[in-house]
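Source file input-v3.pdb; content: PDB, C-alpha atoms, pLDDT in the B column.
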```pdb
ATOM      1  CA  MET A   1       3.547 -19.131 -21.431  1.00 45.00           C
ATOM      2  CA  LEU A   2       5.715 -22.228 -21.534  1.00 53.00           C
ATOM      3  CA  ALA A   3       5.385 -24.619 -24.465  1.00 58.00           C
ATOM      4  CA  GLY A   4       2.906 -27.363 -23.763  1.00 59.00           C
ATOM      5  CA  THR A   5       1.034 -25.439 -21.036  1.00 61.00           C
ATOM      6  CA  SER A   6      -2.358 -23.777 -21.197  1.00 65.00           C
ATOM      7  CA  ALA A   7      -3.981 -20.903 -19.351  1.00 66.00           C
ATOM      8  CA  ARG A   8      -6.349 -21.816 -16.528  1.00 76.00           C
ATOM      9  CA  THR A   9      -8.828 -19.670 -14.665  1.00 79.00           C
ATOM     10  CA  VAL A  10      -9.435 -20.742 -11.078  1.00 80.00           C
ATOM     11  CA  THR A  11     -13.094 -20.349 -10.159  1.00 81.00           C
ATOM     12  CA  ALA A  12     -13.472 -22.860  -7.307  1.00 87.00           C
ATOM     13  CA  PHE A  13     -11.673 -22.493  -3.981  1.00 90.00           C
ATOM     14  CA  PRO A  14     -11.275 -24.617  -0.860  1.00 92.00           C
ATOM     15  CA  ARG A  15     -12.822 -21.848   1.293  1.00 92.00           C
ATOM     16  CA  THR A  16     -15.909 -19.701   0.659  1.00 95.00           C
ATOM     17  CA  VAL A  17     -14.946 -16.005   0.618  1.00 97.00           C
ATOM     18  CA  ARG A  18     -16.707 -12.935   1.912  1.00 97.00           C
ATOM     19  CA  VAL A  19     -15.548  -9.393   1.231  1.00 98.00           C
ATOM     20  CA  ILE A  20     -15.596  -6.434   3.617  1.00 98.00           C
ATOM     21  CA  GLU A  21     -15.694  -3.701   0.995  1.00 96.00           C
ATOM     22  CA  HIS A  22     -14.524  -0.975   3.344  1.00 97.00           C
ATOM     23  CA  THR A  23     -13.298  -0.660   6.902  1.00 97.00           C
ATOM     24  CA  TRP A  24     -11.247   1.934   8.754  1.00 98.00           C
ATOM     25  CA  ILE A  25      -7.954   1.169  10.486  1.00 98.00           C
ATOM     26  CA  THR A  26      -7.518   3.946  13.049  1.00 98.00           C
ATOM     27  CA  LEU A  27      -3.907   4.680  13.966  1.00 98.00           C
ATOM     28  CA  ALA A  28      -2.526   6.020  17.234  1.00 97.00           C
ATOM     29  CA  ASP A  29      -2.581   9.616  15.932  1.00 97.00           C
ATOM     30  CA  ARG A  30      -6.263   9.180  14.904  1.00 97.00           C
ATOM     31  CA  CYS A  31      -5.441   9.058  11.197  1.00 97.00           C
ATOM     32  CA  ARG A  32      -7.789   6.579   9.520  1.00 97.00           C
ATOM     33  CA  LEU A  33      -6.586   4.292   6.760  1.00 98.00           C
ATOM     34  CA  ALA A  34      -9.074   2.771   4.322  1.00 98.00           C
ATOM     35  CA  ALA A  35      -8.951  -0.999   3.880  1.00 98.00           C
ATOM     36  CA  ARG A  36     -10.718  -3.741   1.925  1.00 98.00           C
ATOM     37  CA  ILE A  37     -10.636  -7.253   3.350  1.00 98.00           C
ATOM     38  CA  TRP A  38     -11.226 -10.656   1.776  1.00 98.00           C
ATOM     39  CA  LEU A  39     -11.896 -13.367   4.373  1.00 98.00           C
ATOM     40  CA  PRO A  40     -12.672 -17.055   4.448  1.00 98.00           C
ATOM     41  CA  GLU A  41     -16.330 -17.069   5.461  1.00 97.00           C
ATOM     42  CA  ASP A  42     -15.625 -19.018   8.652  1.00 96.00           C
ATOM     43  CA  ALA A  43     -12.562 -16.996   9.739  1.00 97.00           C
ATOM     44  CA  GLU A  44     -14.277 -15.669  12.883  1.00 95.00           C
ATOM     45  CA  SER A  45     -14.668 -19.206  14.185  1.00 96.00           C
ATOM     46  CA  GLU A  46     -11.521 -20.590  12.524  1.00 97.00           C
ATOM     47  CA  PRO A  47      -8.934 -17.763  12.527  1.00 98.00           C
ATOM     48  CA  VAL A  48      -6.425 -17.550   9.696  1.00 98.00           C
ATOM     49  CA  PRO A  49      -3.113 -15.761   9.017  1.00 98.00           C
ATOM     50  CA  ALA A  50      -3.367 -12.362   7.319  1.00 98.00           C
ATOM     51  CA  VAL A  51      -1.716 -11.153   4.112  1.00 98.00           C
ATOM     52  CA  LEU A  52      -1.242  -7.392   3.754  1.00 98.00           C
ATOM     53  CA  GLU A  53      -0.777  -5.305   0.607  1.00 98.00           C
ATOM     54  CA  TYR A  54      -0.082  -1.661   1.497  1.00 98.00           C
ATOM     55  CA  ILE A  55       0.130   0.722  -1.483  1.00 98.00           C
ATOM     56  CA  PRO A  56      -1.046   4.192  -2.605  1.00 97.00           C
ATOM     57  CA  TYR A  57      -2.916   3.296  -5.785  1.00 97.00           C
ATOM     58  CA  ARG A  58      -6.545   3.688  -4.671  1.00 96.00           C
ATOM     59  CA  LYS A  59      -8.354   0.493  -3.750  1.00 96.00           C
ATOM     60  CA  ASN A  60     -11.753   1.752  -4.922  1.00 93.00           C
ATOM     61  CA  ASP A  61     -10.729   2.473  -8.504  1.00 94.00           C
ATOM     62  CA  GLY A  62      -7.026   2.527  -9.356  1.00 94.00           C
ATOM     63  CA  THR A  63      -6.207  -1.140  -8.644  1.00 95.00           C
ATOM     64  CA  ALA A  64      -9.685  -2.491  -7.929  1.00 95.00           C
ATOM     65  CA  LEU A  65      -9.865  -4.771 -10.974  1.00 95.00           C
ATOM     66  CA  ARG A  66      -6.557  -6.501 -10.288  1.00 95.00           C
ATOM     67  CA  ASP A  67      -6.985  -6.497  -6.494  1.00 96.00           C
ATOM     68  CA  ALA A  68     -10.141  -8.597  -6.602  1.00 96.00           C
ATOM     69  CA  PRO A  69      -8.777 -11.814  -8.156  1.00 95.00           C
ATOM     70  CA  ILE A  70      -5.455 -11.667  -6.279  1.00 96.00           C
ATOM     71  CA  HIS A  71      -6.916 -11.172  -2.815  1.00 97.00           C
ATOM     72  CA  HIS A  72      -9.894 -13.461  -3.437  1.00 97.00           C
ATOM     73  CA  TYR A  73      -7.432 -16.208  -4.357  1.00 96.00           C
ATOM     74  CA  PHE A  74      -5.559 -15.875  -1.065  1.00 97.00           C
ATOM     75  CA  ALA A  75      -8.771 -15.768   0.971  1.00 98.00           C
ATOM     76  CA  GLY A  76     -10.102 -18.768  -0.900  1.00 97.00           C
ATOM     77  CA  HIS A  77      -7.019 -20.685   0.199  1.00 97.00           C
ATOM     78  CA  GLY A  78      -7.271 -19.825   3.886  1.00 97.00           C
ATOM     79  CA  TYR A  79      -5.849 -16.347   4.444  1.00 98.00           C
ATOM     80  CA  ALA A  80      -7.326 -13.000   5.410  1.00 98.00           C
ATOM     81  CA  SER A  81      -6.164 -10.850   2.496  1.00 98.00           C
ATOM     82  CA  VAL A  82      -6.080  -7.120   3.134  1.00 98.00           C
ATOM     83  CA  ARG A  83      -5.546  -4.182   0.782  1.00 98.00           C
ATOM     84  CA  VAL A  84      -4.824  -0.843   2.514  1.00 98.00           C
ATOM     85  CA  ASP A  85      -4.665   2.655   1.004  1.00 98.00           C
ATOM     86  CA  MET A  86      -1.635   4.411   2.497  1.00 98.00           C
ATOM     87  CA  ARG A  87      -1.942   7.658   4.440  1.00 97.00           C
ATOM     88  CA  GLY A  88      -2.798  10.437   1.986  1.00 96.00           C
ATOM     89  CA  SER A  89      -3.942   8.091  -0.795  1.00 96.00           C
ATOM     90  CA  GLY A  90      -7.323   6.890  -1.994  1.00 96.00           C
ATOM     91  CA  ASP A  91      -9.876   7.146   0.802  1.00 96.00           C
ATOM     92  CA  SER A  92      -7.373   7.305   3.658  1.00 97.00           C
ATOM     93  CA  ASP A  93      -6.869  10.436   5.737  1.00 96.00           C
ATOM     94  CA  GLY A  94      -3.831  12.685   5.519  1.00 95.00           C
ATOM     95  CA  VAL A  95      -1.285  13.822   2.952  1.00 95.00           C
ATOM     96  CA  MET A  96       1.374  11.712   1.247  1.00 95.00           C
ATOM     97  CA  GLU A  97       4.480  13.883   1.362  1.00 95.00           C
ATOM     98  CA  ASP A  98       6.917  11.478  -0.351  1.00 96.00           C
ATOM     99  CA  GLU A  99       7.736   7.828  -0.873  1.00 95.00           C
ATOM    100  CA  TYR A 100       8.809   5.560   1.982  1.00 94.00           C
ATOM    101  CA  LEU A 101       8.942   8.171   4.732  1.00 94.00           C
ATOM    102  CA  PRO A 102       9.334   7.022   8.362  1.00 95.00           C
ATOM    103  CA  GLN A 103       5.632   7.847   8.868  1.00 97.00           C
ATOM    104  CA  GLU A 104       4.672   5.384   6.130  1.00 98.00           C
ATOM    105  CA  GLN A 105       6.800   2.684   7.728  1.00 97.00           C
ATOM    106  CA  LEU A 106       5.451   3.283  11.234  1.00 98.00           C
ATOM    107  CA  ASP A 107       1.888   3.284   9.905  1.00 98.00           C
ATOM    108  CA  GLY A 108       2.704  -0.105   8.382  1.00 98.00           C
ATOM    109  CA  VAL A 109       3.935  -1.400  11.740  1.00 98.00           C
ATOM    110  CA  GLU A 110       0.625  -0.313  13.294  1.00 98.00           C
ATOM    111  CA  ILE A 111      -1.359  -1.984  10.513  1.00 98.00           C
ATOM    112  CA  VAL A 112       0.461  -5.268  11.117  1.00 98.00           C
ATOM    113  CA  ALA A 113      -0.381  -5.068  14.835  1.00 98.00           C
ATOM    114  CA  TRP A 114      -4.028  -4.177  14.052  1.00 98.00           C
ATOM    115  CA  LEU A 115      -4.373  -7.163  11.735  1.00 98.00           C
ATOM    116  CA  ALA A 116      -2.807  -9.528  14.247  1.00 98.00           C
ATOM    117  CA  ALA A 117      -5.312  -8.397  16.892  1.00 98.00           C
ATOM    118  CA  GLN A 118      -8.445  -9.059  14.809  1.00 98.00           C
ATOM    119  CA  PRO A 119     -10.672 -11.965  15.893  1.00 98.00           C
ATOM    120  CA  TRP A 120     -10.390 -13.572  12.442  1.00 98.00           C
ATOM    121  CA  CYS A 121      -6.567 -13.576  12.520  1.00 98.00           C
ATOM    122  CA  THR A 122      -4.256 -16.122  14.135  1.00 98.00           C
ATOM    123  CA  GLY A 123      -1.884 -13.318  15.113  1.00 98.00           C
ATOM    124  CA  ARG A 124       0.518 -13.931  12.227  1.00 98.00           C
ATOM    125  CA  VAL A 125       0.828 -11.526   9.281  1.00 98.00           C
ATOM    126  CA  GLY A 126       2.692 -11.546   5.989  1.00 98.00           C
ATOM    127  CA  ILE A 127       3.289  -8.663   3.576  1.00 98.00           C
ATOM    128  CA  ILE A 128       3.205  -8.958  -0.206  1.00 98.00           C
ATOM    129  CA  GLY A 129       4.147  -6.219  -2.624  1.00 97.00           C
ATOM    130  CA  LYS A 130       5.449  -5.321  -6.029  1.00 96.00           C
ATOM    131  CA  SER A 131       7.448  -2.097  -6.529  1.00 95.00           C
ATOM    132  CA  TRP A 132       6.146   0.367  -3.892  1.00 97.00           C
ATOM    133  CA  GLY A 133       4.598  -2.424  -1.836  1.00 97.00           C
ATOM    134  CA  GLY A 134       7.814  -4.411  -2.186  1.00 96.00           C
ATOM    135  CA  PHE A 135       9.926  -1.523  -0.936  1.00 96.00           C
ATOM    136  CA  ASN A 136       7.788  -0.780   2.098  1.00 97.00           C
ATOM    137  CA  GLY A 137       7.469  -4.477   2.906  1.00 98.00           C
ATOM    138  CA  LEU A 138      11.236  -4.638   3.399  1.00 97.00           C
ATOM    139  CA  GLN A 139      11.259  -1.339   5.299  1.00 97.00           C
ATOM    140  CA  ILE A 140       8.468  -2.421   7.650  1.00 98.00           C
ATOM    141  CA  ALA A 141      10.290  -5.710   8.261  1.00 98.00           C
ATOM    142  CA  ALA A 142      13.358  -3.726   9.334  1.00 97.00           C
ATOM    143  CA  HIS A 143      11.269  -2.416  12.267  1.00 98.00           C
ATOM    144  CA  ASP A 144      10.766  -6.057  13.339  1.00 97.00           C
ATOM    145  CA  PRO A 145       7.044  -5.984  14.226  1.00 98.00           C
ATOM    146  CA  PRO A 146       6.371  -9.053  16.394  1.00 98.00           C
ATOM    147  CA  ALA A 147       3.447 -10.372  14.322  1.00 98.00           C
ATOM    148  CA  LEU A 148       5.244 -10.189  10.961  1.00 98.00           C
ATOM    149  CA  GLY A 149       6.167 -13.672   9.793  1.00 97.00           C
ATOM    150  CA  ALA A 150       7.051 -13.207   6.106  1.00 97.00           C
ATOM    151  CA  VAL A 151       7.585 -10.673   3.321  1.00 98.00           C
ATOM    152  CA  ILE A 152       7.308 -11.395  -0.398  1.00 97.00           C
ATOM    153  CA  SER A 153       8.942  -8.416  -2.107  1.00 97.00           C
ATOM    154  CA  VAL A 154       9.005  -8.166  -5.921  1.00 96.00           C
ATOM    155  CA  CYS A 155      10.612  -5.541  -8.207  1.00 95.00           C
ATOM    156  CA  SER A 156      12.097  -3.740  -5.200  1.00 94.00           C
ATOM    157  CA  THR A 157      15.305  -3.315  -3.239  1.00 92.00           C
ATOM    158  CA  ASP A 158      16.734  -2.155   0.068  1.00 91.00           C
ATOM    159  CA  ASP A 159      18.777   0.509  -1.781  1.00 92.00           C
ATOM    160  CA  ARG A 160      16.486   3.381  -2.786  1.00 90.00           C
ATOM    161  CA  TYR A 161      19.287   5.586  -4.025  1.00 93.00           C
ATOM    162  CA  SER A 162      20.756   3.443  -6.781  1.00 91.00           C
ATOM    163  CA  ASP A 163      18.149   0.750  -7.453  1.00 91.00           C
ATOM    164  CA  ASP A 164      14.962   2.757  -7.950  1.00 93.00           C
ATOM    165  CA  VAL A 165      13.963   5.567 -10.332  1.00 92.00           C
ATOM    166  CA  HIS A 166      16.168   8.286  -8.854  1.00 94.00           C
ATOM    167  CA  TYR A 167      19.923   7.892  -9.491  1.00 94.00           C
ATOM    168  CA  MET A 168      22.273   5.400 -11.040  1.00 91.00           C
ATOM    169  CA  GLY A 169      26.020   5.702 -10.639  1.00 87.00           C
ATOM    170  CA  GLY A 170      25.414   9.163  -9.201  1.00 88.00           C
ATOM    171  CA  CYS A 171      23.576  10.318 -12.341  1.00 93.00           C
ATOM    172  CA  LEU A 172      19.997  11.552 -12.175  1.00 94.00           C
ATOM    173  CA  LEU A 173      17.590   9.225 -13.988  1.00 93.00           C
ATOM    174  CA  SER A 174      15.765  12.216 -15.397  1.00 87.00           C
ATOM    175  CA  TRP A 175      13.239  10.288 -17.499  1.00 86.00           C
ATOM    176  CA  ASP A 176      12.182   7.844 -14.782  1.00 90.00           C
ATOM    177  CA  SER A 177      12.421  10.294 -11.926  1.00 93.00           C
ATOM    178  CA  LEU A 178      10.379  13.070 -13.531  1.00 93.00           C
ATOM    179  CA  SER A 179       7.743  10.808 -15.046  1.00 94.00           C
ATOM    180  CA  TRP A 180       7.214   8.924 -11.786  1.00 94.00           C
ATOM    181  CA  ALA A 181       7.019  12.082  -9.675  1.00 95.00           C
ATOM    182  CA  THR A 182       4.480  13.497 -12.132  1.00 95.00           C
ATOM    183  CA  THR A 183       2.445  10.306 -12.101  1.00 95.00           C
ATOM    184  CA  MET A 184       2.233  10.317  -8.312  1.00 95.00           C
ATOM    185  CA  LEU A 185       1.276  13.993  -8.264  1.00 94.00           C
ATOM    186  CA  ALA A 186      -1.626  13.155 -10.581  1.00 94.00           C
ATOM    187  CA  ILE A 187      -2.707  10.124  -8.540  1.00 94.00           C
ATOM    188  CA  ASN A 188      -2.590  12.135  -5.314  1.00 93.00           C
ATOM    189  CA  ALA A 189      -4.698  14.871  -6.932  1.00 94.00           C
ATOM    190  CA  GLN A 190      -7.696  12.554  -7.312  1.00 95.00           C
ATOM    191  CA  PRO A 191     -10.520  12.900  -4.772  1.00 96.00           C
ATOM    192  CA  PRO A 192     -11.550  10.369  -2.140  1.00 96.00           C
ATOM    193  CA  ASP A 193     -14.780   8.475  -2.780  1.00 96.00           C
ATOM    194  CA  PRO A 194     -17.817  10.356  -1.386  1.00 96.00           C
ATOM    195  CA  ALA A 195     -19.558   7.005  -0.820  1.00 94.00           C
ATOM    196  CA  VAL A 196     -16.782   6.115   1.641  1.00 94.00           C
ATOM    197  CA  VAL A 197     -15.756   9.375   3.325  1.00 94.00           C
ATOM    198  CA  GLY A 198     -19.096  11.190   3.177  1.00 95.00           C
ATOM    199  CA  GLU A 199     -19.731  14.898   2.833  1.00 95.00           C
ATOM    200  CA  ARG A 200     -16.216  15.919   3.779  1.00 94.00           C
ATOM    201  CA  TRP A 201     -14.802  14.427   0.561  1.00 96.00           C
ATOM    202  CA  ARG A 202     -14.481  17.789  -1.196  1.00 96.00           C
ATOM    203  CA  ASP A 203     -12.764  19.570   1.717  1.00 95.00           C
ATOM    204  CA  ASP A 204     -10.370  16.642   2.126  1.00 95.00           C
ATOM    205  CA  TRP A 205      -9.664  16.640  -1.617  1.00 96.00           C
ATOM    206  CA  LEU A 206      -8.864  20.359  -1.778  1.00 96.00           C
ATOM    207  CA  ALA A 207      -6.708  20.173   1.353  1.00 94.00           C
ATOM    208  CA  ARG A 208      -4.777  17.218  -0.064  1.00 94.00           C
ATOM    209  CA  MET A 209      -4.122  18.968  -3.376  1.00 94.00           C
ATOM    210  CA  ALA A 210      -2.948  22.111  -1.589  1.00 95.00           C
ATOM    211  CA  ALA A 211      -0.541  20.238   0.693  1.00 95.00           C
ATOM    212  CA  THR A 212       0.889  17.526  -1.576  1.00 94.00           C
ATOM    213  CA  PRO A 213       4.393  18.461  -2.766  1.00 94.00           C
ATOM    214  CA  ALA A 214       6.082  17.622  -6.057  1.00 93.00           C
ATOM    215  CA  TYR A 215       8.294  14.711  -5.060  1.00 95.00           C
ATOM    216  CA  SER A 216      10.973  15.588  -7.600  1.00 94.00           C
ATOM    217  CA  VAL A 217      11.937  18.661  -5.550  1.00 94.00           C
ATOM    218  CA  ALA A 218      13.090  16.497  -2.644  1.00 94.00           C
ATOM    219  CA  TRP A 219      14.713  13.911  -4.902  1.00 95.00           C
ATOM    220  CA  THR A 220      16.826  16.443  -6.811  1.00 94.00           C
ATOM    221  CA  SER A 221      17.764  18.180  -3.554  1.00 95.00           C
ATOM    222  CA  HIS A 222      19.580  15.017  -2.444  1.00 95.00           C
ATOM    223  CA  GLN A 223      21.923  14.176  -5.282  1.00 93.00           C
ATOM    224  CA  ARG A 224      24.288  12.102  -3.143  1.00 93.00           C
ATOM    225  CA  ARG A 225      23.708   9.083  -0.954  1.00 92.00           C
ATOM    226  CA  ASP A 226      22.855  10.876   2.278  1.00 94.00           C
ATOM    227  CA  GLU A 227      20.539  10.252   5.235  1.00 92.00           C
ATOM    228  CA  PHE A 228      17.508  11.053   3.083  1.00 93.00           C
ATOM    229  CA  TRP A 229      18.061   7.872   1.070  1.00 92.00           C
ATOM    230  CA  LYS A 230      19.168   5.754   4.021  1.00 87.00           C
TER     231      LYS A 230
END
```
Could I get this structure in the form of structure tokens?
Amino acid sequence: MLAGTSARTVTAFPRTVRVIEHTWITLADRCRLAARIWLPEDAESEPVPAVLEYIPYRKNDGTALRDAPIHHYFAGHGYASVRVDMRGSGDSDGVMEDEYLPQEQLDGVEIVAWLAAQPWCTGRVGIIGKSWGGFNGLQIAAHDPPALGAVISVCSTDDRYSDDVHYMGGCLLSWDSLSWATTMLAINAQPPDPAVVGERWRDDWLARMAATPAYSVAWTSHQRRDEFWK
């Protein structure tokens, strides 16, 4: 905190907010992604731009406490603020086979189009993200989805090979790389929420654990800057 300033908690907003605790975004291949949406209460009659955060850290538990004030703030100031669990994470369908794969990017392009088409949206979408969400924000922007108007990308880069947790100067970042791969393996091993996905939660959980690879295998199999990193 800067000298002479004081902390302030914002509790009053220009717009009243309502929360859609869970909705499904169904993709072209029928994979369903789980989303939580914060909206200005009058957005159906007065559409607003949408802000997307698209990460794998489980909206119902993993990041729920920090998601609520961030996305409520945006909605309270006139945006539809949307938090989506990526394919294979949280309550979403599928398996997450690695970071930043083309499938993840193309899913993101579809999400942007889905948001733009909602009756509460003006048709314009922005992406915000820190770290993983910052990386995929830049990658989705590279696909040039028509509705995407802005990306705010923090703690990220367009160079996965040398500016992330994998390699630096051609040397394996063994501490960062191993610890991060292990962390993601543990996160991906957690079950979906039965209250959201219903009775199939256990079958989906076991199938996800059986199919999710250890990311470090792929990372150490590509020690040079090749097409995998590009």
Practice problem: On this file, the PyMOL selection byres ((chain A and resi 131) around 7) gives some set of residues; write that set as a list in words. | Solution: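 With the PyMOL selection byres ((chain A and resi 131) around 7) on this model, the match is Gly129, Lys130, Trp132, Gly133, Gly134, Phe135, Val154, Cys155 and Ser156 of chain A.
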Self-check item: d(atom CA of A:His71, atom CA of A:Trp38) in Å
Solution: 6.3 Å
Quiz item: Residues picked by the PyMOL selection byres ((chain A and resi 114-126) around 8) here, as an NGL selection string?
Solution: :A and (25 or 43-52 or 80 or 110-113 or 127-128 or 147-152)
Self-check item: For A:Pro14: contacts at 8 Å, all atoms listed in the file, fewer than 3 positions along chain excluded, given as a list in words
Solution: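 Result of the neighbour search: Gly76, His77 and Gly78 of chain A.
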What does the file look like for those residues with C-alpha atoms, as a CSV table (one decimal), in the coordinates of the input?
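Heads up, here's the output in out17.csv:
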```
chain,number,residue,atom,x,y,z
A,76,GLY,CA,-10.1,-18.8,-0.9
A,77,HIS,CA,-7.0,-20.7,0.2
A,78,GLY,CA,-7.3,-19.8,3.9
```
Quiz item: Quick one: distance from atom CA of A:Ala195 to atom CA of A:Ala214 in Å, one decimal?
Solution: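 Between atom CA of A:Ala195 and atom CA of A:Ala214 the gap works out to 28.2 Å.
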Exercise. Would you mind listing what lies within 12 Å of A:Thr63 as a list of chain:residue names, with all atoms listed in the file counted and same-chain residues fewer than 3 positions away left out?
Key: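 Near A:Thr63, the qualifying residues are A:Arg36, A:Glu53, A:Tyr54, A:Ile55, A:Pro56, A:Tyr57, A:Arg58, A:Lys59, A:Asn60, A:Arg66, A:Asp67, A:Ala68, A:Pro69, A:Ile70, A:His71, A:Arg83, A:Val84, A:Asp85, A:Gly90, A:Ile187.
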Exercise. Report the residues retrieved by the PyMOL selection byres ((chain A and resi 138) around 8) from the displayed file, expressed as number ranges by chain.
Key: A: 134-137, 139-142, 151, 153, 157-158
Self-check item: atom CA of A:Glu99 to atom CA of A:Arg208, straight-line distance in Å
Solution: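 So the two atoms, atom CA of A:Arg208 and atom CA of A:Glu99, lie 15.7 Å apart.
You can rank A:Ala75, A:Met86, A:Leu185, A:Ala211 by their closest distance to A:Asp42 using only C-alpha atoms, and at the top of that list sits A:Ala75.
Distances from A:Ser162, A:Ser89, A:Ser179, A:Ser81 to A:Thr212 were compared using all atoms listed in the file, and the smallest one belongs to A:Ser89.
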Quiz item: In terms of the shortest atom-to-atom distance over only C-alpha atoms, which of A:Ala181, A:Val165, A:Ala186, A:Val95 is closest to A:Asp204?
Solution: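 Going through A:Ala181, A:Val165, A:Ala186, A:Val95 one by one, the smallest distance to A:Asp204 is for A:Val95.
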